[in-house]
Number of protein chains: 2
Amino acid sequence: MAGQAERVVPLTEPLAEDGEKGPSKSALKKAAKEKEKAEKAAKRQAAEEAQKKESESNDISKNDYGELPMDGAWPSAFPSKDEVPRVLLTDLEEYFGDASKMDVEGGPHIVFRASVENARSQSAKLAFLVFSRGGASIQAVVAASDDLSRQMVKFCSSVPAESYVLVHGLVKKPMEPVKSTTIQNLEVHVKKLFVEGKAEAQLPMQVADAERPIPIEGEEETVDGRPIVQLNTRLNNRVIDLRAKHNQAIFAIKDGVVALFEEFLRSKKFRGIQTPRLLGSASEGGANVFKVEYFATKAFLAQSPQLYKQMLVAARFERVFEVGPVFRAENSNTARHLTEFTGLDMEMEFEEDYHEVVSLLEELMLFIFAGLKDRYKRETDLVRSIYHVDDFKLPAKGAVPRLPFSEGIKMLRDAGEEINDFDDLSTPQEKRLGALVLEKYGSDFYVLDEFPLAIRPFYTMPTAATQAKYNPEKPNEGYSNSYDFFMRGQEIMSGAQRIHNAAFLEKRMKEHDTPVDPQGEGLKDYVNAFKAGAPKHAGGGIGLERIVMLWLGLPNVRLASLFPRDPNRLSP
Amino acid sequence: MAGQAERVVPLTEPLAEDGEKGPSKSALKKAAKEKEKAEKAAKRQAAEEAQKKESESNDISKNDYGELPMDGAWPSAFPSKDEVPRVLLTDLEEYFGDASKMDVEGGPHIVFRASVENARSQSAKLAFLVFSRGGASIQAVVAASDDLSRQMVKFCSSVPAESYVLVHGLVKKPMEPVKSTTIQNLEVHVKKLFVEGKAEAQLPMQVADAERPIPIEGEEETVDGRPIVQLNTRLNNRVIDLRAKHNQAIFAIKDGVVALFEEFLRSKKFRGIQTPRLLGSASEGGANVFKVEYFATKAFLAQSPQLYKQMLVAARFERVFEVGPVFRAENSNTARHLTEFTGLDMEMEFEEDYHEVVSLLEELMLFIFAGLKDRYKRETDLVRSIYHVDDFKLPAKGAVPRLPFSEGIKMLRDAGEEINDFDDLSTPQEKRLGALVLEKYGSDFYVLDEFPLAIRPFYTMPTAATQAKYNPEKPNEGYSNSYDFFMRGQEIMSGAQRIHNAAFLEKRMKEHDTPVDPQGEGLKDYVNAFKAGAPKHAGGGIGLERIVMLWLGLPNVRLASLFPRDPNRLSP
């Protein structure tokens, strides 16, 4: 049988077990070819290794460069700290004092860690690199000599940009100041160099691309003939993108805002709190809330800590603040919206009048602006220069313009806008009003006070006048003790005096344009908090990314979020 | 037809439209009765009002007490700030200097806001109240006189406990020091009193109940014959519960830990970051992750900022920290588990050895402990006295015991525990080891170093020795550059040197006991971060509620969360 004929098995091969077929003729042929191939490869490898060994034995620098082991363990070739100091690149100029006096022959040796901005080979005997770390950069020279091999020059010139390296070098005064680095009067002559974290040679995007501003719609999309990398590509490669100097500056400033916010409020005896993000019900209104699968039930992600910070004021916390993520399931793909952002929230008792709280919030914002000007001037100037943005104008003598909403409407009407007394402002109207206020008061920062009751949440306190004129037929008519803060004509904060009387709160819940059930799950606990006796209180919630965006004049709020989230983006 | 006979309609009534039935005889009878009733009620009300008016016109104090309007507007009866100073109860003793020298006739008048701890009527002419605010409390006397009516005494004595009031009073030295209040050498003689936020007379729970410790399993569940309110009831009425003095202290301390954490790290040039809570994939392992409905797709809640903080180190942020909520979908109902808690995270580059990071973290924890001892001694002592907890013992001269894992295993074995070299410690074993370390080193705080590789996450760096002895058959054998920190024998922090080489990371992902796909959604971005060149780095994540619980010796971690979340609790 044909089948059996094929079962002739060479005696040199073991019989296949369990009746498996032995190899076919073509398979045998293939195996022989592969064997031959492997032998050739082995020979070639042996030759290469021999050559490498030969080369290494001739390499006077063989212990002075290479790649570190996986754990990045300190190379034994490196001098100890006592022999050669470790100096951060950012401290280098200070360390060497007045560099202009330094001899061309150089200062002492140092050891430092840095990333490689770029490396290029000038000749077989000479390579130039730029090292950077913490915003400081320096030029480096690798020159073949009696002590330094051409092999090492070659290795150094081929370290991929963005790799992390460990360097032992001699600091010298360059023949001419180096223009392309932040340290211009010093350069490093490399003695030893080890790669700690090697970057791939081909990255999906260059840091140099990220250093340029994102293209603005309608503007040129190339600079010097090179296309400008789009925001989406940058966000897809955010780790590389964030290495750009102005991105580092943006997030230094963002952290600065948080630090200043906390510093000011702690100095005013506010207590930091952590309220839950997982809620049993969509307390603040059903729309725009993310649902979570919570064991056998559903939970909802907090849109703000609003109800909880009020409950804590009712729990005798007096003054509270919170910095934390908040979530909005808004399907808006604009330059102003994120689905996750950082809320800077505060809430407090007051003594006589809610304007005490408005004044404190104005003081807070002025403290933040002053702190940014004072501590983050370099970063602010850098980012604004990239995006060609004007200074942020603050009112003379710190008198923040505080206009009643009705006054804002009047200004808009006088400027030709058609708007009714109790209409909410559209985004263009907000910007228009911002421009009018800037013109009149010389301030990019102002407060709009006493908003119409109908356009604020149910827990907002009506003004005394509105309460006095209460009309059960039109329960939402009139104004309220509420306020918005604006920067460059865009809202950064919303706040109000809240209703602290449980019965009145329940009444307003039912009367509100979008009524809510005071007995609804979640809201029951909220209303009960006031049944247990609560002081009058007011507060506000600030969008952190908004402040950063508007302080710097960024064209998109995503630039102020490390890893922004919108309806189409959940990664990286 | 019978039906038609019933349609006889009195002529005085309008005909029902659309064929509706007119009222029946019994309905008419009922209506007449109700009319009579209403007339009677109106008469009664008129009489009451007349009586009230009469009473008011006789009430010499009628403008000096009552309920404030809804917005809590300052009463016109109150003197201005220039006439009578506003003094916080917490500042009162300092304000009056040495109270012992004060005349019984009293010091000047003051105005203050406070809540009512209790109010009782001694007679028709005399009432006693206790006011408190910000932890300070004072006794108040309301005595009828030529200037103060019996009606006002009655009103004051019936203000429900926990109401918020506005008081104008005369401060005097009491005949004898008051024992039940924090201010013992002063008392207030009330001149005017207005209710700002009225509490209901019947609250679901008393603050006095919350002042006592939660019942511990197996212990007495009554004190002085009164049942101790269970934790669950307290958490259901958390706003009232949180008013208890030791609860106020717990959250002052918790905020203190956050402030100290940030203060220390900022002083070491760490930058605060905000990483996303909404993730496109369950990056750190599929289990224990909450799923979110995210528009047309799914998102996952972050279990920690682990991957993001590493990516930011790769993005040249060098040193980062984050304080934020983290989520664990663990169906564990124990005294140690929450589904949402606050992570205190940090990550940093290091120069030579990951023990630099361990040392910095030890220093951080010692800074926090010293800060708590220094700034929160009163609060700490108060809470520990309630829960009968020992002092937290710290090592002499700040030398934190740092034991290799293998040494910990040896100590347990020497003490009779059966445990293998590479076994993870059970909770009882952790507590046992904590007791052994306390006995040997005199410290409630210690570090366990070099954990077995197999029981740590895939991104953990193996020790150099383990890498040198690498056996592809047993790729998870050996130890790792990782560490846990313990307080009172319970883990508060987990950390490690992370793998910063992308190829090695991918290899370890596949070799790990629960292998992960390096190309999996989410992890791809993570691995790519290291392909772009990353420095060696290490860090750790601390559970904030754990620190608070163990510093104070609380019996349940829920007591360290304002509004705790567990598998059965999503409210309030």
# chains A, B, ... in the order shown; residues from 1 in each chain; ligands from 1

$ closest_atom_pairs --of "chain B" --to "chain A" --cutoff "7 Å" --atoms "only C-alpha atoms" --output "JSON lines"
{"residue": "B:Met70", "atom": "CA", "partner": "A:Asn501", "partner_atom": "CA", "distance": 6.7}
{"residue": "B:Asp71", "atom": "CA", "partner": "A:Met461", "partner_atom": "CA", "distance": 6.7}
{"residue": "B:Gly72", "atom": "CA", "partner": "A:Lys536", "partner_atom": "CA", "distance": 6.3}
{"residue": "B:Ala73", "atom": "CA", "partner": "A:Glu352", "partner_atom": "CA", "distance": 6.5}
{"residue": "B:Trp74", "atom": "CA", "partner": "A:Glu352", "partner_atom": "CA", "distance": 5.4}
{"residue": "B:Glu162", "atom": "CA", "partner": "A:Gly533", "partner_atom": "CA", "distance": 5.5}
{"residue": "B:Ser163", "atom": "CA", "partner": "A:Gly533", "partner_atom": "CA", "distance": 4.6}
{"residue": "B:Tyr164", "atom": "CA", "partner": "A:Pro535", "partner_atom": "CA", "distance": 5.7}
{"residue": "B:Glu196", "atom": "CA", "partner": "A:Pro535", "partner_atom": "CA", "distance": 6.5}
{"residue": "B:Gly197", "atom": "CA", "partner": "A:Ala534", "partner_atom": "CA", "distance": 5.1}
{"residue": "B:Lys198", "atom": "CA", "partner": "A:Gly533", "partner_atom": "CA", "distance": 5.1}
{"residue": "B:Ala199", "atom": "CA", "partner": "A:Gly533", "partner_atom": "CA", "distance": 3.9}
{"residue": "B:Glu200", "atom": "CA", "partner": "A:Lys531", "partner_atom": "CA", "distance": 5.7}
{"residue": "B:Leu203", "atom": "CA", "partner": "A:Ala532", "partner_atom": "CA", "distance": 6.7}
{"residue": "B:Val239", "atom": "CA", "partner": "A:Ala315", "partner_atom": "CA", "distance": 4.8}
{"residue": "B:Ile240", "atom": "CA", "partner": "A:Ala315", "partner_atom": "CA", "distance": 6.2}
{"residue": "B:Leu242", "atom": "CA", "partner": "A:Ala315", "partner_atom": "CA", "distance": 5.8}
{"residue": "B:Arg243", "atom": "CA", "partner": "A:Ala315", "partner_atom": "CA", "distance": 5.4}
{"residue": "B:Asp255", "atom": "CA", "partner": "A:Gly272", "partner_atom": "CA", "distance": 5.5}
{"residue": "B:Arg271", "atom": "CA", "partner": "A:Asp255", "partner_atom": "CA", "distance": 6.6}
{"residue": "B:Gly272", "atom": "CA", "partner": "A:Asp255", "partner_atom": "CA", "distance": 5.5}
{"residue": "B:Ile273", "atom": "CA", "partner": "A:Asp255", "partner_atom": "CA", "distance": 6.8}
{"residue": "B:Thr275", "atom": "CA", "partner": "A:Phe563", "partner_atom": "CA", "distance": 6.6}
{"residue": "B:Pro276", "atom": "CA", "partner": "A:Phe563", "partner_atom": "CA", "distance": 6.5}
{"residue": "B:Leu278", "atom": "CA", "partner": "A:Leu570", "partner_atom": "CA", "distance": 7.0}
{"residue": "B:Leu279", "atom": "CA", "partner": "A:Leu570", "partner_atom": "CA", "distance": 5.7}
{"residue": "B:Gly280", "atom": "CA", "partner": "A:Leu570", "partner_atom": "CA", "distance": 4.7}
{"residue": "B:Phe290", "atom": "CA", "partner": "A:Glu293", "partner_atom": "CA", "distance": 6.3}
{"residue": "B:Lys291", "atom": "CA", "partner": "A:Glu293", "partner_atom": "CA", "distance": 5.5}
{"residue": "B:Val292", "atom": "CA", "partner": "A:Val292", "partner_atom": "CA", "distance": 4.4}
{"residue": "B:Glu293", "atom": "CA", "partner": "A:Lys291", "partner_atom": "CA", "distance": 5.5}
{"residue": "B:Tyr294", "atom": "CA", "partner": "A:Phe290", "partner_atom": "CA", "distance": 6.8}
{"residue": "B:Phe295", "atom": "CA", "partner": "A:Pro567", "partner_atom": "CA", "distance": 6.9}
{"residue": "B:Met311", "atom": "CA", "partner": "A:Val239", "partner_atom": "CA", "distance": 6.4}
{"residue": "B:Leu312", "atom": "CA", "partner": "A:Val239", "partner_atom": "CA", "distance": 6.8}
{"residue": "B:Ala314", "atom": "CA", "partner": "A:Val239", "partner_atom": "CA", "distance": 6.8}
{"residue": "B:Ala315", "atom": "CA", "partner": "A:Val239", "partner_atom": "CA", "distance": 4.8}
{"residue": "B:Arg316", "atom": "CA", "partner": "A:Arg243", "partner_atom": "CA", "distance": 6.1}
{"residue": "B:Gly324", "atom": "CA", "partner": "A:Gly324", "partner_atom": "CA", "distance": 6.4}
{"residue": "B:Glu352", "atom": "CA", "partner": "A:Trp74", "partner_atom": "CA", "distance": 5.4}
{"residue": "B:Asp353", "atom": "CA", "partner": "A:Ala73", "partner_atom": "CA", "distance": 6.9}
{"residue": "B:Met461", "atom": "CA", "partner": "A:Asp71", "partner_atom": "CA", "distance": 6.8}
{"residue": "B:His500", "atom": "CA", "partner": "A:Gly197", "partner_atom": "CA", "distance": 6.8}
{"residue": "B:Asn501", "atom": "CA", "partner": "A:Gly197", "partner_atom": "CA", "distance": 6.3}
{"residue": "B:Gly522", "atom": "CA", "partner": "A:Pro572", "partner_atom": "CA", "distance": 6.4}
{"residue": "B:Asp525", "atom": "CA", "partner": "A:Pro572", "partner_atom": "CA", "distance": 5.7}
{"residue": "B:Ala529", "atom": "CA", "partner": "A:Val239", "partner_atom": "CA", "distance": 6.0}
{"residue": "B:Lys531", "atom": "CA", "partner": "A:Ala199", "partner_atom": "CA", "distance": 5.3}
{"residue": "B:Ala532", "atom": "CA", "partner": "A:Ala199", "partner_atom": "CA", "distance": 4.6}
{"residue": "B:Gly533", "atom": "CA", "partner": "A:Ala199", "partner_atom": "CA", "distance": 3.9}
{"residue": "B:Ala534", "atom": "CA", "partner": "A:Gly197", "partner_atom": "CA", "distance": 5.1}
{"residue": "B:Pro535", "atom": "CA", "partner": "A:Gly197", "partner_atom": "CA", "distance": 5.5}
{"residue": "B:Lys536", "atom": "CA", "partner": "A:Gly72", "partner_atom": "CA", "distance": 6.3}
{"residue": "B:Leu562", "atom": "CA", "partner": "A:Thr275", "partner_atom": "CA", "distance": 6.7}
{"residue": "B:Phe563", "atom": "CA", "partner": "A:Pro276", "partner_atom": "CA", "distance": 6.5}
{"residue": "B:Pro567", "atom": "CA", "partner": "A:Phe295", "partner_atom": "CA", "distance": 6.9}
{"residue": "B:Leu570", "atom": "CA", "partner": "A:Gly280", "partner_atom": "CA", "distance": 4.7}
{"residue": "B:Ser571", "atom": "CA", "partner": "A:Gly280", "partner_atom": "CA", "distance": 5.7}
{"residue": "B:Pro572", "atom": "CA", "partner": "A:Asp525", "partner_atom": "CA", "distance": 5.7}

$ residues_around --residues "region 169-175 of chain B" --least-positions-apart "4" --cutoff "6 Å" --atoms "only C-alpha atoms" --output "list in words"
Val104, Gly106, Gly107, His109, Ile110, Asn185, Leu186, Glu187, Val188, His189, Val190 and Lys191 of chain B

$ atom_distance --atom1 "CA of Gly416 (chain A)" --atom2 "CA of Val389 (chain A)"
27.6 Å

$ closest_residue --among "B:Glu491, B:Glu407, B:Glu67, B:Glu83" --to "Pro428 (chain B)" --atoms "only C-alpha atoms"
B:Glu491

$ atom_distance --atom1 "CA of His388 (chain A)" --atom2 "CA of His246 (chain A)"
12.7 Å

$ atom_distance --atom1 "CA of Ser137 (chain B)" --atom2 "CA of Arg375 (chain B)"
21.7 Å

$ select_by_dssp --residues "region 228-472 of chain B" --states "helix (DSSP H, G or I)" --output "number ranges by chain"
B: 231-236, 238-241, 245-267, 306-317, 355-375, 377-386, 396-398, 405-414, 427-441, 453-455, 464-468

$ decode --residues "region 175-190 of chain B" --atoms "all heavy atoms" --output "PDB file, in the first residue's frame"
ATOM      1  N   MET B 175     -19.865  80.724  89.831  1.00  0.00           N
ATOM      2  CA  MET B 175     -19.689  80.603  91.277  1.00  0.00           C
ATOM      3  C   MET B 175     -18.700  79.493  91.596  1.00  0.00           C
ATOM      4  O   MET B 175     -17.837  79.636  92.451  1.00  0.00           O
ATOM      5  CB  MET B 175     -21.037  80.292  91.953  1.00  0.00           C
ATOM      6  CG  MET B 175     -22.152  81.298  91.656  1.00  0.00           C
ATOM      7  SD  MET B 175     -21.733  82.967  92.219  1.00  0.00           S
ATOM      8  CE  MET B 175     -22.417  82.918  93.893  1.00  0.00           C
ATOM      9  N   GLU B 176     -18.862  78.355  90.864  1.00  0.00           N
ATOM     10  CA  GLU B 176     -17.892  77.257  91.015  1.00  0.00           C
ATOM     11  C   GLU B 176     -17.473  76.835  89.619  1.00  0.00           C
ATOM     12  O   GLU B 176     -18.261  76.953  88.679  1.00  0.00           O
ATOM     13  CB  GLU B 176     -18.560  76.048  91.691  1.00  0.00           C
ATOM     14  CG  GLU B 176     -18.692  76.226  93.169  1.00  0.00           C
ATOM     15  CD  GLU B 176     -19.193  74.943  93.817  1.00  0.00           C
ATOM     16  OE1 GLU B 176     -19.008  73.849  93.225  1.00  0.00           O
ATOM     17  OE2 GLU B 176     -19.775  75.045  94.901  1.00  0.00           O
ATOM     18  N   PRO B 177     -16.237  76.333  89.458  1.00  0.00           N
ATOM     19  CA  PRO B 177     -15.833  75.887  88.110  1.00  0.00           C
ATOM     20  C   PRO B 177     -16.828  74.861  87.564  1.00  0.00           C
ATOM     21  O   PRO B 177     -17.330  74.013  88.311  1.00  0.00           O
ATOM     22  CB  PRO B 177     -14.463  75.241  88.343  1.00  0.00           C
ATOM     23  CG  PRO B 177     -13.946  75.894  89.584  1.00  0.00           C
ATOM     24  CD  PRO B 177     -15.150  76.177  90.434  1.00  0.00           C
ATOM     25  N   VAL B 178     -17.122  74.974  86.258  1.00  0.00           N
ATOM     26  CA  VAL B 178     -18.062  74.047  85.620  1.00  0.00           C
ATOM     27  C   VAL B 178     -17.289  72.796  85.208  1.00  0.00           C
ATOM     28  O   VAL B 178     -16.261  72.898  84.549  1.00  0.00           O
ATOM     29  CB  VAL B 178     -18.704  74.696  84.375  1.00  0.00           C
ATOM     30  CG1 VAL B 178     -19.776  73.789  83.795  1.00  0.00           C
ATOM     31  CG2 VAL B 178     -19.274  76.071  84.728  1.00  0.00           C
ATOM     32  N   LYS B 179     -17.767  71.623  85.632  1.00  0.00           N
ATOM     33  CA  LYS B 179     -16.988  70.405  85.384  1.00  0.00           C
ATOM     34  C   LYS B 179     -17.288  69.767  84.038  1.00  0.00           C
ATOM     35  O   LYS B 179     -16.457  69.062  83.482  1.00  0.00           O
ATOM     36  CB  LYS B 179     -17.236  69.402  86.512  1.00  0.00           C
ATOM     37  CG  LYS B 179     -16.461  69.837  87.752  1.00  0.00           C
ATOM     38  CD  LYS B 179     -16.441  68.769  88.816  1.00  0.00           C
ATOM     39  CE  LYS B 179     -15.714  69.285  90.072  1.00  0.00           C
ATOM     40  NZ  LYS B 179     -16.479  69.034  91.283  1.00  0.00           N
ATOM     41  N   SER B 180     -18.484  70.014  83.507  1.00  0.00           N
ATOM     42  CA  SER B 180     -18.904  69.272  82.317  1.00  0.00           C
ATOM     43  C   SER B 180     -18.510  69.948  80.996  1.00  0.00           C
ATOM     44  O   SER B 180     -18.804  69.426  79.933  1.00  0.00           O
ATOM     45  CB  SER B 180     -20.415  69.078  82.359  1.00  0.00           C
ATOM     46  OG  SER B 180     -21.029  70.361  82.453  1.00  0.00           O
ATOM     47  N   THR B 181     -17.862  71.088  81.056  1.00  0.00           N
ATOM     48  CA  THR B 181     -17.492  71.789  79.822  1.00  0.00           C
ATOM     49  C   THR B 181     -15.974  71.975  79.740  1.00  0.00           C
ATOM     50  O   THR B 181     -15.282  71.892  80.757  1.00  0.00           O
ATOM     51  CB  THR B 181     -18.157  73.188  79.775  1.00  0.00           C
ATOM     52  OG1 THR B 181     -17.813  73.893  80.972  1.00  0.00           O
ATOM     53  CG2 THR B 181     -19.675  73.073  79.670  1.00  0.00           C
ATOM     54  N   THR B 182     -15.476  72.251  78.541  1.00  0.00           N
ATOM     55  CA  THR B 182     -14.023  72.457  78.415  1.00  0.00           C
ATOM     56  C   THR B 182     -13.619  73.801  79.010  1.00  0.00           C
ATOM     57  O   THR B 182     -12.532  73.926  79.560  1.00  0.00           O
ATOM     58  CB  THR B 182     -13.560  72.397  76.934  1.00  0.00           C
ATOM     59  OG1 THR B 182     -14.079  73.529  76.241  1.00  0.00           O
ATOM     60  CG2 THR B 182     -14.033  71.117  76.254  1.00  0.00           C
ATOM     61  N   ILE B 183     -14.471  74.795  78.874  1.00  0.00           N
ATOM     62  CA  ILE B 183     -14.206  76.089  79.527  1.00  0.00           C
ATOM     63  C   ILE B 183     -14.849  76.024  80.896  1.00  0.00           C
ATOM     64  O   ILE B 183     -16.069  75.963  81.017  1.00  0.00           O
ATOM     65  CB  ILE B 183     -14.802  77.254  78.700  1.00  0.00           C
ATOM     66  CG1 ILE B 183     -14.191  77.271  77.297  1.00  0.00           C
ATOM     67  CG2 ILE B 183     -14.571  78.590  79.413  1.00  0.00           C
ATOM     68  CD1 ILE B 183     -14.843  78.259  76.345  1.00  0.00           C
ATOM     69  N   GLN B 184     -14.017  76.001  81.931  1.00  0.00           N
ATOM     70  CA  GLN B 184     -14.560  75.732  83.268  1.00  0.00           C
ATOM     71  C   GLN B 184     -14.643  76.978  84.132  1.00  0.00           C
ATOM     72  O   GLN B 184     -15.421  77.020  85.072  1.00  0.00           O
ATOM     73  CB  GLN B 184     -13.707  74.658  83.955  1.00  0.00           C
ATOM     74  CG  GLN B 184     -13.503  73.444  83.047  1.00  0.00           C
ATOM     75  CD  GLN B 184     -13.086  72.206  83.770  1.00  0.00           C
ATOM     76  OE1 GLN B 184     -12.215  72.237  84.639  1.00  0.00           O
ATOM     77  NE2 GLN B 184     -13.717  71.090  83.418  1.00  0.00           N
ATOM     78  N   ASN B 185     -13.855  77.982  83.812  1.00  0.00           N
ATOM     79  CA  ASN B 185     -13.818  79.173  84.662  1.00  0.00           C
ATOM     80  C   ASN B 185     -14.557  80.376  84.088  1.00  0.00           C
ATOM     81  O   ASN B 185     -14.381  81.485  84.562  1.00  0.00           O
ATOM     82  CB  ASN B 185     -12.356  79.550  84.948  1.00  0.00           C
ATOM     83  CG  ASN B 185     -11.700  78.517  85.853  1.00  0.00           C
ATOM     84  OD1 ASN B 185     -12.284  78.115  86.850  1.00  0.00           O
ATOM     85  ND2 ASN B 185     -10.529  78.066  85.465  1.00  0.00           N
ATOM     86  N   LEU B 186     -15.337  80.123  83.053  1.00  0.00           N
ATOM     87  CA  LEU B 186     -16.164  81.188  82.477  1.00  0.00           C
ATOM     88  C   LEU B 186     -17.545  80.612  82.196  1.00  0.00           C
ATOM     89  O   LEU B 186     -17.676  79.419  81.911  1.00  0.00           O
ATOM     90  CB  LEU B 186     -15.558  81.696  81.153  1.00  0.00           C
ATOM     91  CG  LEU B 186     -14.196  82.388  81.181  1.00  0.00           C
ATOM     92  CD1 LEU B 186     -13.725  82.652  79.756  1.00  0.00           C
ATOM     93  CD2 LEU B 186     -14.260  83.683  81.982  1.00  0.00           C
ATOM     94  N   GLU B 187     -18.548  81.467  82.278  1.00  0.00           N
ATOM     95  CA  GLU B 187     -19.862  81.075  81.792  1.00  0.00           C
ATOM     96  C   GLU B 187     -20.508  82.275  81.103  1.00  0.00           C
ATOM     97  O   GLU B 187     -20.051  83.407  81.253  1.00  0.00           O
ATOM     98  CB  GLU B 187     -20.743  80.526  82.928  1.00  0.00           C
ATOM     99  CG  GLU B 187     -21.122  81.549  83.972  1.00  0.00           C
ATOM    100  CD  GLU B 187     -22.000  80.954  85.087  1.00  0.00           C
ATOM    101  OE1 GLU B 187     -22.098  79.723  85.198  1.00  0.00           O
ATOM    102  OE2 GLU B 187     -22.564  81.753  85.850  1.00  0.00           O
ATOM    103  N   VAL B 188     -21.546  81.991  80.323  1.00  0.00           N
ATOM    104  CA  VAL B 188     -22.186  83.057  79.557  1.00  0.00           C
ATOM    105  C   VAL B 188     -23.585  83.306  80.095  1.00  0.00           C
ATOM    106  O   VAL B 188     -24.348  82.358  80.298  1.00  0.00           O
ATOM    107  CB  VAL B 188     -22.311  82.662  78.072  1.00  0.00           C
ATOM    108  CG1 VAL B 188     -23.017  83.772  77.294  1.00  0.00           C
ATOM    109  CG2 VAL B 188     -20.959  82.385  77.471  1.00  0.00           C
ATOM    110  N   HIS B 189     -23.912  84.582  80.315  1.00  0.00           N
ATOM    111  CA  HIS B 189     -25.285  84.931  80.663  1.00  0.00           C
ATOM    112  C   HIS B 189     -25.944  85.487  79.411  1.00  0.00           C
ATOM    113  O   HIS B 189     -25.559  86.543  78.916  1.00  0.00           O
ATOM    114  CB  HIS B 189     -25.304  85.923  81.831  1.00  0.00           C
ATOM    115  CG  HIS B 189     -24.895  85.247  83.105  1.00  0.00           C
ATOM    116  ND1 HIS B 189     -25.742  85.106  84.187  1.00  0.00           N
ATOM    117  CD2 HIS B 189     -23.744  84.609  83.441  1.00  0.00           C
ATOM    118  CE1 HIS B 189     -25.126  84.423  85.141  1.00  0.00           C
ATOM    119  NE2 HIS B 189     -23.899  84.112  84.723  1.00  0.00           N
ATOM    120  N   VAL B 190     -26.894  84.705  78.901  1.00  0.00           N
ATOM    121  CA  VAL B 190     -27.483  84.990  77.597  1.00  0.00           C
ATOM    122  C   VAL B 190     -28.355  86.248  77.653  1.00  0.00           C
ATOM    123  O   VAL B 190     -29.186  86.404  78.553  1.00  0.00           O
ATOM    124  CB  VAL B 190     -28.324  83.781  77.114  1.00  0.00           C
ATOM    125  CG1 VAL B 190     -29.101  84.127  75.845  1.00  0.00           C
ATOM    126  CG2 VAL B 190     -27.433  82.567  76.896  1.00  0.00           C
TER     127      VAL B 190
END
